[in-house]
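Heads up, the thing below is written out as structure tokens.
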Amino acid sequence: MAISSLISTLPKAELHLHIEGSLEPALMWQLAKKHQVTLPYNSVAEIEAAYQFDDLQSFLDLYYAGADVLRDEDDFYQLMWSYLSKCREQNVVHAEIMFDPQTHTLRGVGFDTFMPGFSKAIDQARSEWGMSTLLIMSFLRHLPEADAFVTLKEAEPYYSNITAIGLDSSELGHPPQKFERVFAQVKELGFKIVAHAGEEGPADYIWQAIKLLNVDRVDHGVKCQQDSELMQYLIKHQLPLTVCPLSNLKLKVIDDMKHHNILQLLEEGMLVTVNSDDPTYFGGYLNENYDQLHAALGMNTDQLKQLLANSFTASFLPEPKKQYWIEQINAA
Ligand code: HPA
Ligand code: ZN
């Protein structure tokens with residue numbers, strides 16, 4: 001079977017996906033009309049054309065502005081439903097989905113609006129096609145740690161719906177150590193922990209995420225090659241990296257997909273995975289990310305199967321479920 005068919009038909013898990021970053025321009029346009037929100041665009045095509053970025057911050061500015069059209073429970077249902085439907089189309093059988101509560105609570109949209117919207121779509125996808133999903137609540141790191149404590153408290157009625165807590169937004173100048181105390185509480189509460197580190201920031205931020213926040217996975221982490229001791233640590237402990245190739249290209253973390261280091265990291269024995277991050281902003285969902293690795297880096301079938309197996313190994317699924325999916329991949 002051609003590798004493109006393997007990419008589209010084999011089961012996959014996605015572990016690094018911001019639900020707000022899956023807002024399709026057409027849905028943004030429709031919701032802006034519904035709520036009479038003025039967008040700085042005159043058409044859906046203009047929204048799409050605006051998605052050219054110089055760095056992480058230039059993307060985040062548009063991403064937070066776009067999220068302003070999400071106002072009521074049904075908006076959040078539609079947002080989640082649209083992503084989960086894409087998963088079905090692409091054979092993504094399991095997704096660990098990040099959401100940014102502070103992007104909404106700061107605008108007066110509360111947990112009692114977005115959580116029921118998310119849950120309705122998640123329950124429907126589970127009952128209609130057996131999709132498995134879990135949620136990662138992320139703190140915005142450009143805000144003070146005190147705000148993260150408030151968010152953690154506000155989320156209390158929804159703890160049973162949340163598996164992990166993460167850290168995202170503007171990395172440079174906001175090192176993991178800024179959130180050491182709140183993640184100590186997160187750990188005590190029994191959540192899994194993830195953090196964006198080493199996307200634009202240095203290898204030292206990855207060390208901080210490991211040593212000070214106790215992360216179970218590192219989001220991005222592509223700057224790990226700056227530090228060979230860190231590389232050895234990541235290999236020895238099989239600490240997963242959730243790598244996002246198209247995101248790295250669009251945010252100019254790399255200048256050309258041909259220079260992406262994911263296959264080097266894989267060959268060195270690191271537990272790297274492929275993810276889409278913010279698919280509507282970066283020009284592709286999960287399968288398009290795998291396609292790019294084949295087109296630009298010559299990813300072969302063995303490497304593809306290893307990356308697919310890694311996506312389950314690095315997930316927060318129970319062991320028998322991981323084994324089930326890995327056997328399906330190996331048998332193909
Ligand atoms: N990095 C940091 N914060 C984010 C990202 C990202 O790639 N996407 C959405 N929030
Ligand atoms: Zn991300």
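Ordering of the structure tokens sets the chain letters (A, B, ...), residue numbers begin anew at 1 in every chain, and ligands are numbered from 1 in the order given.
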Assign secondary structure with DSSP using the backbone only, and return the residues of segment 120-268 of chain A in strand (DSSP E) as a list in words.
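Residues meeting the strand (DSSP E) criterion: Ser132, Thr133, Leu134, Leu135, Ile136, Met137, Ser138, Phe139, Leu140, Ile162, Thr163, Ala164, Ile165, Gly166, Leu167, Asp168, Lys192, Ile193, Val194, Ala195, His196, Ala197, Arg217, Val218, Asp219, His220, Leu241, Thr242 and Val243 of chain A.
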Go ahead and save the residues from that selection, with C-alpha atoms, as a compact mmCIF listing (two decimals), in the first residue's frame.
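So the final result, stored in selection15.txt, reads:
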# COMPACT_ATOMS: atom_id res chain seq x y z
CA SER A 132 -12.15 8.18 22.53
CA THR A 133 -11.34 11.62 23.88
CA LEU A 134 -9.89 13.24 26.97
CA LEU A 135 -9.41 16.86 27.94
CA ILE A 136 -6.33 18.87 28.91
CA MET A 137 -7.00 22.21 30.60
CA SER A 138 -4.19 24.69 29.85
CA PHE A 139 -3.10 27.80 31.74
CA LEU A 140 -2.05 30.88 29.75
CA ILE A 162 -10.30 16.69 32.92
CA THR A 163 -7.34 14.29 32.70
CA ALA A 164 -4.35 16.60 32.46
CA ILE A 165 -3.34 20.22 33.03
CA GLY A 166 -1.05 22.06 30.59
CA LEU A 167 0.75 25.33 30.01
CA ASP A 168 0.62 27.30 26.75
CA LYS A 192 -1.37 14.36 34.54
CA ILE A 193 0.88 17.30 33.60
CA VAL A 194 2.03 18.63 30.23
CA ALA A 195 3.69 21.93 29.26
CA HIS A 196 4.74 23.68 26.08
CA ALA A 197 8.52 24.01 26.29
CA ARG A 217 4.98 14.95 28.37
CA VAL A 218 6.62 17.95 26.74
CA ASP A 219 4.63 19.84 24.10
CA HIS A 220 6.89 20.71 21.13
CA LEU A 241 7.51 15.03 22.90
CA THR A 242 4.34 16.11 21.07
CA VAL A 243 5.87 17.58 17.90
Neighbours of Ala332 of chain A within 9 Å (only C-alpha atoms; same-chain residues fewer than 3 positions away dropped), as a short mmCIF file (atom, residue, chain, number, x, y, z; two decimals) with N, CA and C atoms, in the first residue's frame?
data_model
loop_
_atom_site.label_atom_id
_atom_site.label_comp_id
_atom_site.auth_asym_id
_atom_site.auth_seq_id
_atom_site.Cartn_x
_atom_site.Cartn_y
_atom_site.Cartn_z
N LEU A 6 -1.55 4.48 3.74
CA LEU A 6 -1.31 4.04 5.12
C LEU A 6 -1.58 5.19 6.09
N LEU A 10 -4.59 4.14 8.64
CA LEU A 10 -4.20 3.53 9.92
C LEU A 10 -4.72 4.35 11.10
N GLU A 327 -1.17 -3.05 18.17
CA GLU A 327 -1.27 -4.31 17.41
C GLU A 327 -1.92 -4.10 16.05
N GLN A 328 -2.94 -3.23 16.00
CA GLN A 328 -3.58 -2.94 14.70
C GLN A 328 -2.58 -2.33 13.72
N ILE A 329 -1.73 -1.44 14.25
CA ILE A 329 -0.76 -0.77 13.39
C ILE A 329 0.29 -1.78 12.91
#
Give the alpha helix (DSSP H) residues of segment 6-227 of chain A, as DSSP finds them on the backbone, and put them as a PyMOL selection string.
chain A and resi 6-9+25-35+44-49+56-66+73-89+101-105+111-129+145-154+180-188+203-211
Work out how far atom CA of Leu307 of chain A is from atom CA of Asn261 of chain A, in Å to one decimal.
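Atom-to-atom, atom CA of Asn261 of chain A to atom CA of Leu307 of chain A, that is 13.6 Å.
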Spatial neighbours of Glu154 of chain A, 12 Å, only C-alpha atoms, chain gap at least 2 places, as a ChimeraX atom specification
/A:101-102,105,110-112,115,137,147-152,156-159
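Of the listed residues (A:Gln90, A:Glu229, A:Thr313, A:Phe179), A:Gln90 comes nearest to Ser4 of chain A; the distances count only C-alpha atoms.
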Kindly indicate which residue among A:Phe316, A:Asp278, A:Thr273, A:Glu199 lies nearest to Gln303 of chain A, using only C-alpha atoms for the distances.
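Looking only at the distances to Gln303 of chain A, the closest residue turns out to be A:Thr273.
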For segment 268-270 of chain A, work out the shell of residues within 10 Å, counting only C-alpha atoms and skipping chain neighbours fewer than 6 positions away, then give it as a PyMOL selection string.
chain A and resi 231-241+262+310
If the limit is 10 Å from any atom of ligand 1, counting only C-alpha atoms and all ligand atoms, which residues qualify? Return them as an mmCIF file with C-alpha atoms, in the first residue's frame.
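Dumped everything to result-v1.cif:
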data_model
loop_
_atom_site.group_PDB
_atom_site.id
_atom_site.type_symbol
_atom_site.label_atom_id
_atom_site.label_comp_id
_atom_site.auth_asym_id
_atom_site.auth_seq_id
_atom_site.Cartn_x
_atom_site.Cartn_y
_atom_site.Cartn_z
ATOM 1 C CA HIS A 16 -1.404 18.130 20.974
ATOM 2 C CA LEU A 17 -4.430 19.982 19.664
ATOM 3 C CA HIS A 18 -5.839 23.305 20.886
ATOM 4 C CA ILE A 19 -9.579 23.200 20.307
ATOM 5 C CA GLU A 20 -9.631 26.987 19.837
ATOM 6 C CA GLY A 21 -7.047 26.452 17.097
ATOM 7 C CA SER A 22 -9.448 24.209 15.173
ATOM 8 C CA ASP A 55 6.501 33.942 15.084
ATOM 9 C CA LEU A 56 4.410 32.480 17.923
ATOM 10 C CA GLN A 57 3.156 35.862 19.193
ATOM 11 C CA PHE A 59 -0.175 33.847 15.636
ATOM 12 C CA LEU A 60 -1.450 34.114 19.227
ATOM 13 C CA TYR A 63 -5.914 33.154 17.684
ATOM 14 C CA TYR A 64 -7.218 35.031 20.763
ATOM 15 C CA MET A 98 -6.421 21.148 25.050
ATOM 16 C CA PHE A 99 -8.687 24.054 25.896
ATOM 17 C CA ASP A 100 -7.733 27.479 27.280
ATOM 18 C CA SER A 138 -4.186 24.689 29.851
ATOM 19 C CA PHE A 139 -3.097 27.797 31.740
ATOM 20 C CA LEU A 140 -2.052 30.876 29.754
ATOM 21 C CA ARG A 141 1.563 31.548 30.745
ATOM 22 C CA HIS A 142 1.551 35.260 29.801
ATOM 23 C CA LEU A 167 0.749 25.332 30.010
ATOM 24 C CA ASP A 168 0.616 27.302 26.749
ATOM 25 C CA SER A 169 0.712 30.786 25.133
ATOM 26 C CA SER A 170 3.734 33.149 24.846
ATOM 27 C CA GLU A 171 6.794 31.111 25.823
ATOM 28 C CA ALA A 195 3.686 21.930 29.258
ATOM 29 C CA HIS A 196 4.743 23.684 26.075
ATOM 30 C CA ALA A 197 8.524 24.006 26.291
ATOM 31 C CA GLY A 198 11.296 24.341 23.743
ATOM 32 C CA GLU A 199 9.033 25.575 20.936
ATOM 33 C CA GLU A 200 10.673 29.023 20.735
ATOM 34 C CA ASP A 219 4.628 19.843 24.095
ATOM 35 C CA HIS A 220 6.893 20.713 21.126
ATOM 36 C CA VAL A 243 5.865 17.584 17.903
ATOM 37 C CA CYS A 244 3.826 19.703 15.459
ATOM 38 C CA SER A 247 3.013 24.551 13.252
ATOM 39 C CA ASN A 248 6.817 24.772 13.425
ATOM 40 C CA LEU A 251 5.559 29.977 13.105
ATOM 41 C CA SER A 276 -1.448 19.360 14.345
ATOM 42 C CA ASP A 277 -1.474 21.975 17.187
ATOM 43 C CA ASP A 278 -3.838 24.573 15.606
ATOM 44 C CA PRO A 279 -4.886 22.944 12.314
ATOM 45 C CA TYR A 281 -4.322 28.314 11.374
ATOM 46 C CA PHE A 282 -1.381 26.162 10.239
#
Residues within 9 Å of Ala309 of chain A, please, as a ChimeraX atom specification. Count only C-alpha atoms; anything in the same chain fewer than 2 positions from it doesn't count.
/A:12-13,273,304-307,311-314,322,325-327,329-330
Could you save those same residues with N, CA, C and O atoms as a PDB file, in the first residue's frame?
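Now in selection-v1.pdb:
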ATOM      1  N   LYS A  12      -4.825   6.466  14.443  1.00  0.00           N
ATOM      2  CA  LYS A  12      -3.890   7.473  14.971  1.00  0.00           C
ATOM      3  C   LYS A  12      -4.447   8.066  16.254  1.00  0.00           C
ATOM      4  O   LYS A  12      -5.665   8.146  16.426  1.00  0.00           O
ATOM      5  N   ALA A  13      -3.527   8.539  17.116  1.00  0.00           N
ATOM      6  CA  ALA A  13      -3.925   9.355  18.265  1.00  0.00           C
ATOM      7  C   ALA A  13      -3.332  10.742  18.069  1.00  0.00           C
ATOM      8  O   ALA A  13      -2.211  10.875  17.571  1.00  0.00           O
ATOM      9  N   THR A 273       6.082  12.226  18.772  1.00  0.00           N
ATOM     10  CA  THR A 273       4.773  11.990  18.160  1.00  0.00           C
ATOM     11  C   THR A 273       4.467  13.148  17.204  1.00  0.00           C
ATOM     12  O   THR A 273       5.067  14.212  17.313  1.00  0.00           O
ATOM     13  N   LEU A 304       6.877   5.700   9.793  1.00  0.00           N
ATOM     14  CA  LEU A 304       5.457   6.042   9.975  1.00  0.00           C
ATOM     15  C   LEU A 304       4.831   5.163  11.051  1.00  0.00           C
ATOM     16  O   LEU A 304       4.173   5.648  11.969  1.00  0.00           O
ATOM     17  N   LYS A 305       5.063   3.857  10.949  1.00  0.00           N
ATOM     18  CA  LYS A 305       4.456   2.940  11.923  1.00  0.00           C
ATOM     19  C   LYS A 305       4.966   3.197  13.334  1.00  0.00           C
ATOM     20  O   LYS A 305       4.207   3.091  14.304  1.00  0.00           O
ATOM     21  N   GLN A 306       6.252   3.535  13.435  1.00  0.00           N
ATOM     22  CA  GLN A 306       6.801   3.856  14.759  1.00  0.00           C
ATOM     23  C   GLN A 306       6.150   5.117  15.324  1.00  0.00           C
ATOM     24  O   GLN A 306       5.788   5.158  16.500  1.00  0.00           O
ATOM     25  N   LEU A 307       5.987   6.134  14.473  1.00  0.00           N
ATOM     26  CA  LEU A 307       5.349   7.378  14.938  1.00  0.00           C
ATOM     27  C   LEU A 307       3.894   7.142  15.344  1.00  0.00           C
ATOM     28  O   LEU A 307       3.414   7.702  16.337  1.00  0.00           O
ATOM     29  N   SER A 311       2.238   7.476  19.124  1.00  0.00           N
ATOM     30  CA  SER A 311       1.109   8.344  19.492  1.00  0.00           C
ATOM     31  C   SER A 311       0.228   7.663  20.531  1.00  0.00           C
ATOM     32  O   SER A 311      -0.378   8.338  21.374  1.00  0.00           O
ATOM     33  N   PHE A 312       0.169   6.339  20.510  1.00  0.00           N
ATOM     34  CA  PHE A 312      -0.603   5.622  21.540  1.00  0.00           C
ATOM     35  C   PHE A 312       0.237   5.395  22.799  1.00  0.00           C
ATOM     36  O   PHE A 312      -0.252   5.577  23.912  1.00  0.00           O
ATOM     37  N   THR A 313       1.500   5.023  22.624  1.00  0.00           N
ATOM     38  CA  THR A 313       2.378   4.809  23.793  1.00  0.00           C
ATOM     39  C   THR A 313       2.431   6.061  24.662  1.00  0.00           C
ATOM     40  O   THR A 313       2.415   5.973  25.887  1.00  0.00           O
ATOM     41  N   ALA A 314       2.494   7.236  24.010  1.00  0.00           N
ATOM     42  CA  ALA A 314       2.658   8.500  24.736  1.00  0.00           C
ATOM     43  C   ALA A 314       1.327   9.051  25.263  1.00  0.00           C
ATOM     44  O   ALA A 314       1.303  10.072  25.944  1.00  0.00           O
ATOM     45  N   LYS A 322      -3.812   0.928  24.701  1.00  0.00           N
ATOM     46  CA  LYS A 322      -2.607   1.250  23.912  1.00  0.00           C
ATOM     47  C   LYS A 322      -2.187   0.018  23.110  1.00  0.00           C
ATOM     48  O   LYS A 322      -1.913   0.105  21.916  1.00  0.00           O
ATOM     49  N   TRP A 325      -4.355  -0.826  19.972  1.00  0.00           N
ATOM     50  CA  TRP A 325      -4.139  -0.003  18.782  1.00  0.00           C
ATOM     51  C   TRP A 325      -2.765  -0.270  18.165  1.00  0.00           C
ATOM     52  O   TRP A 325      -2.615  -0.284  16.939  1.00  0.00           O
ATOM     53  N   ILE A 326      -1.768  -0.500  19.016  1.00  0.00           N
ATOM     54  CA  ILE A 326      -0.426  -0.755  18.492  1.00  0.00           C
ATOM     55  C   ILE A 326      -0.407  -2.072  17.699  1.00  0.00           C
ATOM     56  O   ILE A 326       0.226  -2.168  16.638  1.00  0.00           O
ATOM     57  N   GLU A 327      -1.172  -3.050  18.170  1.00  0.00           N
ATOM     58  CA  GLU A 327      -1.270  -4.314  17.409  1.00  0.00           C
ATOM     59  C   GLU A 327      -1.924  -4.104  16.051  1.00  0.00           C
ATOM     60  O   GLU A 327      -1.514  -4.715  15.057  1.00  0.00           O
ATOM     61  N   ILE A 329      -1.733  -1.439  14.250  1.00  0.00           N
ATOM     62  CA  ILE A 329      -0.756  -0.769  13.394  1.00  0.00           C
ATOM     63  C   ILE A 329       0.288  -1.776  12.907  1.00  0.00           C
ATOM     64  O   ILE A 329       0.610  -1.832  11.716  1.00  0.00           O
ATOM     65  N   ASN A 330       0.784  -2.597  13.827  1.00  0.00           N
ATOM     66  CA  ASN A 330       1.829  -3.561  13.463  1.00  0.00           C
ATOM     67  C   ASN A 330       1.332  -4.596  12.464  1.00  0.00           C
ATOM     68  O   ASN A 330       2.084  -5.088  11.631  1.00  0.00           O
TER      69      ASN A 330
END
Name all residues at most 12 Å from Thr38 of chain A (count only C-alpha atoms; drop same-chain ones fewer than 2 positions away) and give them as a PyMOL selection string.
chain A and resi 28-36+40-43+65-66+68-69
Could you please determine the separation between atom CA of Ala49 of chain A and atom CA of Leu246 of chain A in Å, to one decimal place?
16.7 Å
Can you tell me, as a compact mmCIF listing (two decimals) with all heavy atoms, in the first residue's frame, what residues are no more than 10 Å from Gly130 of chain A when counting only C-alpha atoms, ignoring any on the same chain fewer than 6 positions away?
# COMPACT_ATOMS: atom_id res chain seq x y z
N ARG A 88 -12.86 11.65 12.69
CA ARG A 88 -13.50 10.46 12.11
C ARG A 88 -13.06 10.27 10.66
O ARG A 88 -12.70 9.17 10.24
CB ARG A 88 -15.02 10.63 12.18
CG ARG A 88 -15.76 9.45 11.62
CD ARG A 88 -17.24 9.65 11.65
NE ARG A 88 -17.92 8.36 11.62
CZ ARG A 88 -19.22 8.21 11.66
NH1 ARG A 88 -20.00 9.26 11.77
NH2 ARG A 88 -19.76 7.01 11.63
N VAL A 93 -8.46 7.95 16.12
CA VAL A 93 -9.40 7.21 16.97
C VAL A 93 -9.38 7.69 18.41
O VAL A 93 -10.27 7.36 19.20
CB VAL A 93 -9.11 5.69 16.91
CG1 VAL A 93 -9.31 5.16 15.50
CG2 VAL A 93 -7.69 5.38 17.41
N HIS A 94 -8.32 8.44 18.76
CA HIS A 94 -8.20 8.94 20.13
C HIS A 94 -7.58 10.33 20.09
O HIS A 94 -6.59 10.55 19.40
CB HIS A 94 -7.32 7.98 20.95
CG HIS A 94 -7.02 8.49 22.34
ND1 HIS A 94 -7.98 8.58 23.32
CD2 HIS A 94 -5.87 8.96 22.90
CE1 HIS A 94 -7.43 9.08 24.43
NE2 HIS A 94 -6.15 9.31 24.21
N ASP A 123 -19.54 13.24 23.96
CA ASP A 123 -20.44 12.11 24.22
C ASP A 123 -21.05 11.59 22.92
O ASP A 123 -21.18 10.38 22.72
CB ASP A 123 -21.56 12.52 25.19
CG ASP A 123 -21.01 12.81 26.59
OD1 ASP A 123 -19.84 12.46 26.86
OD2 ASP A 123 -21.74 13.41 27.40
N GLN A 124 -21.42 12.52 22.05
CA GLN A 124 -22.03 12.13 20.78
C GLN A 124 -21.04 11.36 19.90
O GLN A 124 -21.40 10.35 19.29
CB GLN A 124 -22.50 13.41 20.07
CG GLN A 124 -23.49 13.16 18.95
CD GLN A 124 -23.95 14.47 18.31
OE1 GLN A 124 -23.91 15.55 18.93
NE2 GLN A 124 -24.38 14.39 17.07
